[in-house]
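Participant: Here it is: the structure, laid out below.
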Amino acid sequence: MIICHSRRFIYFSNPFCGSDRVRALLDPWNEEPVVAFEQRIPERPFYTHMSPTEAEWTFDALGLKFNDYDRITNLRSPFDRLPEVYEAVERSDPIWRMRKRSGVGVPTFENWLARTRPNGRGAGGRAHQRWRRFGTWSAEDWCAGRITRVLRCHRMNQDLGALFADLGIAPSKPIPPGCDACTDKGQELLTPRAVAMISERYATEISEYGYQVPDLNIAA
């Protein structure tokens with residue numbers, strides 16, 4: 001998250017959408033401390049992966065006019081994002097690691113996906129695991145009508161160039177290309193059933209941003 005009062009913009013780090021690259025470019029203009037969720041205190045209320053809705057509540061509590069700021073975030077195709085969330089859960093979840101060590105195995109991507117939500121608890125996890133909760137949120141639920149500018153991961157270079165021009169600032173380093181597609185393993189997770197679930201659940205953003213539905217050349 002980046003908050004710049006002098007230039008009146010807020011950048012929201014949408015998990016698994018290439019946020020690290022954007023934060024690195026905007027960091028010279030950050031004017032608020034942003035801490036880990038569990039380290040937040042009244043004097044430092046802003047934290048990593050704070051959602052636009054949570055930020056608006058905090059701005060209101062501080063007497064700041066949220067709507068006076070340009071509110072920016074990244075969006076990425078759910079076909080690339082969701083397999084990466086699953087892989088991150090597989091690496092980090094202690095119960096999943098224990099299951100793998102004992103030979104029981106972990107839920108398949110399809111079964112995991114069916115239990116996640118595009119809002120609310122998202123992909124579960126503990127309260128401080130904001131990346132896990134928001135990683136499966138839909139664009140509509142993450143933005144919640146509070147975002148004024150979207151950086152599209154597949155058009156990162158183009159959208160960031162326009163953003164810096166509009167803000168009247170120059171990037172501190174070269175603008176990176178768009179987000180990579182999901183890993184080879186991630187692409188293997190996209191079975192016909194998984195693609196069908198994603199296509200239905202995230203239909204609005206797939207249509208709005210023109211995301212390509214994977215052609216698996218397999219009869220569902």
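By order of appearance in the structure tokens: chains A, B, ..., then residues from 1 within every chain, and ligands from 1 in the order shown.
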Write out as JSON, numbers by chain the set of residues from chain A that DSSP, computed on the backbone, places in alpha helix (DSSP H).

Facilitator: {"A": [19, 20, 21, 22, 23, 24, 25, 26, 52, 53, 54, 55, 56, 57, 58, 59, 60, 61, 62, 78, 79, 80, 81, 82, 83, 84, 85, 86, 87, 88, 89, 90, 91, 92, 94, 95, 96, 97, 98, 99, 100, 101, 109, 110, 111, 112, 113, 114, 115, 130, 131, 132, 133, 134, 139, 140, 141, 142, 143, 156, 157, 158, 159, 160, 161, 162, 163, 164, 165, 166, 167, 184, 185, 186, 187, 188, 192, 193, 194, 195, 196, 197, 198, 199, 200, 201, 203, 204, 205, 206, 207, 208, 209]}

Participant: Please list as a list of chain:residue names every residue within 12 Å of Leu160 in chain A, counting only C-alpha atoms and excluding residues in the same chain fewer than 5 positions away.

Facilitator: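 Using only C-alpha atoms, the neighbours found are A:Tyr11, A:Ser19, A:Arg21, A:Val22, A:Arg23, A:Leu25, A:Leu26, A:Ile72, A:Thr73, A:Asn74, A:Arg149, A:Val150, A:Leu151, A:Arg152, A:Cys153, A:His154, A:Arg155, A:Ala165, A:Asp166, A:Leu167, A:Ile169, A:Ala170, A:Pro171, A:Pro174, A:Ile175, A:Pro176, A:Pro177, A:Gly178.
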
Participant: Tell me which protein, DNA and RNA residues are within 7 Å of Cys143 in chain A, counting only C-alpha atoms, leaving out same-chain ones fewer than 4 positions away, and put them as a list of chain:residue names.

Facilitator: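 Listed by chain and then number, they are A:Pro52, A:Ala139, A:Ile147.
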
Participant: Please identify all polymer residues within 10 Å of Asp215 in chain A, counting only C-alpha atoms, omitting same-chain residues fewer than 3 positions from it, and present them as a ChimeraX atom specification.

Facilitator: /A:190,192,195,212,218

Participant: Between A:Glu43, A:Glu54, A:Glu38, A:Glu31, which residue has the minimum interatomic distance to Phe66 in chain A, considering only C-alpha atoms?

Facilitator: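 Distance minimum relative to Phe66 in chain A lands on A:Glu54.
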
Participant: Which residues are near Ser138 in chain A? Cut-off 12 Å, only C-alpha atoms, ignore same chain within fewer than 6 positions. Put them as a list in words.

Facilitator: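 Listed by chain and then number, they are Asn14, Pro15, Leu75, Arg76, Ser77, Pro78, Phe79, Arg81, Leu82, Thr116, Arg117, Pro118, Asn119, Gly120, Gly122, Ala123, Ala144, Ile198, Ser199, Glu200, Arg201, Tyr202, Ala203, Thr204, Glu205 and Ile206 of chain A.
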
Participant: Keeping N, CA, C and O atoms, export the residues of the selection given above as an mmCIF file, in the first residue's frame.

Facilitator:
data_model
loop_
_atom_site.group_PDB
_atom_site.id
_atom_site.type_symbol
_atom_site.label_atom_id
_atom_site.label_comp_id
_atom_site.auth_asym_id
_atom_site.auth_seq_id
_atom_site.Cartn_x
_atom_site.Cartn_y
_atom_site.Cartn_z
ATOM 1 N N ASN A 14 -3.297 -5.364 -4.387
ATOM 2 C CA ASN A 14 -4.181 -6.508 -4.580
ATOM 3 C C ASN A 14 -3.318 -7.767 -4.673
ATOM 4 O O ASN A 14 -2.460 -7.861 -5.559
ATOM 5 N N PRO A 15 -3.498 -8.744 -3.775
ATOM 6 C CA PRO A 15 -2.589 -9.895 -3.742
ATOM 7 C C PRO A 15 -2.536 -10.662 -5.071
ATOM 8 O O PRO A 15 -3.558 -10.822 -5.747
ATOM 9 N N LEU A 75 -5.350 -5.303 -11.212
ATOM 10 C CA LEU A 75 -6.220 -6.454 -11.447
ATOM 11 C C LEU A 75 -5.508 -7.413 -12.394
ATOM 12 O O LEU A 75 -4.730 -6.997 -13.251
ATOM 13 N N ARG A 76 -5.814 -8.689 -12.220
ATOM 14 C CA ARG A 76 -5.158 -9.729 -13.015
ATOM 15 C C ARG A 76 -6.165 -10.831 -13.342
ATOM 16 O O ARG A 76 -7.078 -11.100 -12.571
ATOM 17 N N SER A 77 -5.960 -11.500 -14.441
ATOM 18 C CA SER A 77 -6.859 -12.573 -14.837
ATOM 19 C C SER A 77 -6.961 -13.633 -13.744
ATOM 20 O O SER A 77 -5.938 -14.108 -13.240
ATOM 21 N N PRO A 78 -8.176 -14.039 -13.371
ATOM 22 C CA PRO A 78 -8.307 -15.084 -12.356
ATOM 23 C C PRO A 78 -7.731 -16.422 -12.797
ATOM 24 O O PRO A 78 -7.387 -17.251 -11.954
ATOM 25 N N PHE A 79 -7.592 -16.634 -14.093
ATOM 26 C CA PHE A 79 -7.000 -17.884 -14.574
ATOM 27 C C PHE A 79 -5.503 -17.955 -14.276
ATOM 28 O O PHE A 79 -4.936 -19.045 -14.189
ATOM 29 N N ARG A 81 -4.198 -15.860 -11.612
ATOM 30 C CA ARG A 81 -4.078 -15.538 -10.187
ATOM 31 C C ARG A 81 -4.432 -16.703 -9.274
ATOM 32 O O ARG A 81 -3.689 -17.016 -8.331
ATOM 33 N N LEU A 82 -5.540 -17.369 -9.535
ATOM 34 C CA LEU A 82 -6.022 -18.383 -8.594
ATOM 35 C C LEU A 82 -5.099 -19.594 -8.457
ATOM 36 O O LEU A 82 -4.898 -20.084 -7.336
ATOM 37 N N THR A 116 -13.514 -22.060 -1.845
ATOM 38 C CA THR A 116 -13.156 -20.657 -1.678
ATOM 39 C C THR A 116 -14.344 -19.775 -2.047
ATOM 40 O O THR A 116 -15.345 -20.245 -2.586
ATOM 41 N N ARG A 117 -14.204 -18.486 -1.772
ATOM 42 C CA ARG A 117 -15.258 -17.527 -2.082
ATOM 43 C C ARG A 117 -14.646 -16.291 -2.765
ATOM 44 O O ARG A 117 -13.490 -15.951 -2.490
ATOM 45 N N PRO A 118 -15.411 -15.613 -3.618
ATOM 46 C CA PRO A 118 -14.902 -14.395 -4.261
ATOM 47 C C PRO A 118 -15.061 -13.164 -3.386
ATOM 48 O O PRO A 118 -14.833 -12.044 -3.835
ATOM 49 N N ASN A 119 -15.438 -13.372 -2.144
ATOM 50 C CA ASN A 119 -15.610 -12.275 -1.185
ATOM 51 C C ASN A 119 -15.545 -12.885 0.210
ATOM 52 O O ASN A 119 -15.166 -14.046 0.367
ATOM 53 N N GLY A 120 -15.888 -12.121 1.233
ATOM 54 C CA GLY A 120 -15.936 -12.657 2.591
ATOM 55 C C GLY A 120 -14.631 -13.301 3.032
ATOM 56 O O GLY A 120 -13.573 -12.677 3.004
ATOM 57 N N GLY A 122 -12.903 -15.489 1.538
ATOM 58 C CA GLY A 122 -11.987 -15.753 0.435
ATOM 59 C C GLY A 122 -11.431 -17.154 0.469
ATOM 60 O O GLY A 122 -12.159 -18.139 0.391
ATOM 61 N N ALA A 123 -10.110 -17.252 0.628
ATOM 62 C CA ALA A 123 -9.440 -18.554 0.709
ATOM 63 C C ALA A 123 -9.105 -18.913 2.147
ATOM 64 O O ALA A 123 -8.214 -19.742 2.394
ATOM 65 N N ALA A 144 -15.008 -2.731 -4.794
ATOM 66 C CA ALA A 144 -16.174 -2.304 -4.016
ATOM 67 C C ALA A 144 -16.627 -0.880 -4.355
ATOM 68 O O ALA A 144 -17.054 -0.133 -3.465
ATOM 69 N N ILE A 198 -14.220 -21.075 -12.535
ATOM 70 C CA ILE A 198 -13.663 -19.725 -12.582
ATOM 71 C C ILE A 198 -14.462 -18.863 -13.564
ATOM 72 O O ILE A 198 -14.782 -17.704 -13.282
ATOM 73 N N SER A 199 -14.792 -19.435 -14.724
ATOM 74 C CA SER A 199 -15.528 -18.690 -15.749
ATOM 75 C C SER A 199 -16.876 -18.223 -15.230
ATOM 76 O O SER A 199 -17.327 -17.115 -15.548
ATOM 77 N N GLU A 200 -17.531 -19.053 -14.439
ATOM 78 C CA GLU A 200 -18.833 -18.677 -13.897
ATOM 79 C C GLU A 200 -18.702 -17.683 -12.752
ATOM 80 O O GLU A 200 -19.404 -16.665 -12.705
ATOM 81 N N ARG A 201 -17.768 -17.948 -11.837
ATOM 82 C CA ARG A 201 -17.664 -17.124 -10.632
ATOM 83 C C ARG A 201 -17.139 -15.730 -10.928
ATOM 84 O O ARG A 201 -17.532 -14.757 -10.285
ATOM 85 N N TYR A 202 -16.233 -15.618 -11.896
ATOM 86 C CA TYR A 202 -15.597 -14.338 -12.191
ATOM 87 C C TYR A 202 -16.016 -13.815 -13.569
ATOM 88 O O TYR A 202 -15.270 -13.078 -14.212
ATOM 89 N N ALA A 203 -17.235 -14.166 -13.971
ATOM 90 C CA ALA A 203 -17.702 -13.828 -15.312
ATOM 91 C C ALA A 203 -17.683 -12.327 -15.588
ATOM 92 O O ALA A 203 -17.339 -11.892 -16.695
ATOM 93 N N THR A 204 -18.033 -11.519 -14.585
ATOM 94 C CA THR A 204 -18.116 -10.067 -14.804
ATOM 95 C C THR A 204 -16.768 -9.485 -15.180
ATOM 96 O O THR A 204 -16.641 -8.745 -16.164
ATOM 97 N N GLU A 205 -15.720 -9.819 -14.420
ATOM 98 C CA GLU A 205 -14.417 -9.222 -14.729
ATOM 99 C C GLU A 205 -13.794 -9.837 -15.978
ATOM 100 O O GLU A 205 -13.052 -9.162 -16.704
ATOM 101 N N ILE A 206 -14.067 -11.116 -16.223
ATOM 102 C CA ILE A 206 -13.558 -11.745 -17.444
ATOM 103 C C ILE A 206 -14.097 -11.011 -18.665
ATOM 104 O O ILE A 206 -13.373 -10.728 -19.623
#

Participant: Using only C-alpha atoms, can you tell me which of A:Phe12, A:Met1, A:Asp60, A:Glu90 comes closest to Glu32 in chain A?

Facilitator: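 Using only C-alpha atoms, the shortest distance to Glu32 in chain A belongs to A:Met1.
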
Participant: How many Å lie between CA of Lys100 in chain A and CA of Tyr86 in chain A, rounded to one decimal?

Facilitator: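 About the pair CA of Lys100 in chain A and CA of Tyr86 in chain A: they are 14.8 Å apart.
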
Participant: Please return as a list in words: the residues of range 76-174 of chain A that backbone DSSP assigns to strand (DSSP E).

Facilitator: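 Answer for range 76-174 of chain A restricted to strand (DSSP E) is Arg149, Val150, Leu151 and Arg152 of chain A.
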
Participant: Measuring atom to atom with only C-alpha atoms, identify which of A:Trp137, A:Tyr69, A:Trp57, A:Phe164 is nearest to His5 in chain A.

Facilitator: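 Counting only C-alpha atoms, the residue closest to His5 in chain A is A:Tyr69.
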
Participant: In terms of the shortest atom-to-atom distance over only C-alpha atoms, which of A:Arg8, A:Phe59, A:Met197, A:Met50 is closest to Arg115 in chain A?

Facilitator: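 For Arg115 in chain A, the nearest of the candidates is A:Met197.
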
Participant: Identify which of the residues A:Lys173, A:Arg71, A:Lys185, A:His128 lies closest to Tyr47 in chain A, counting only C-alpha atoms when measuring atom-to-atom distances.

Facilitator: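 Between A:Lys173, A:Arg71, A:Lys185, A:His128, the residue approaching Tyr47 in chain A most closely is A:His128.
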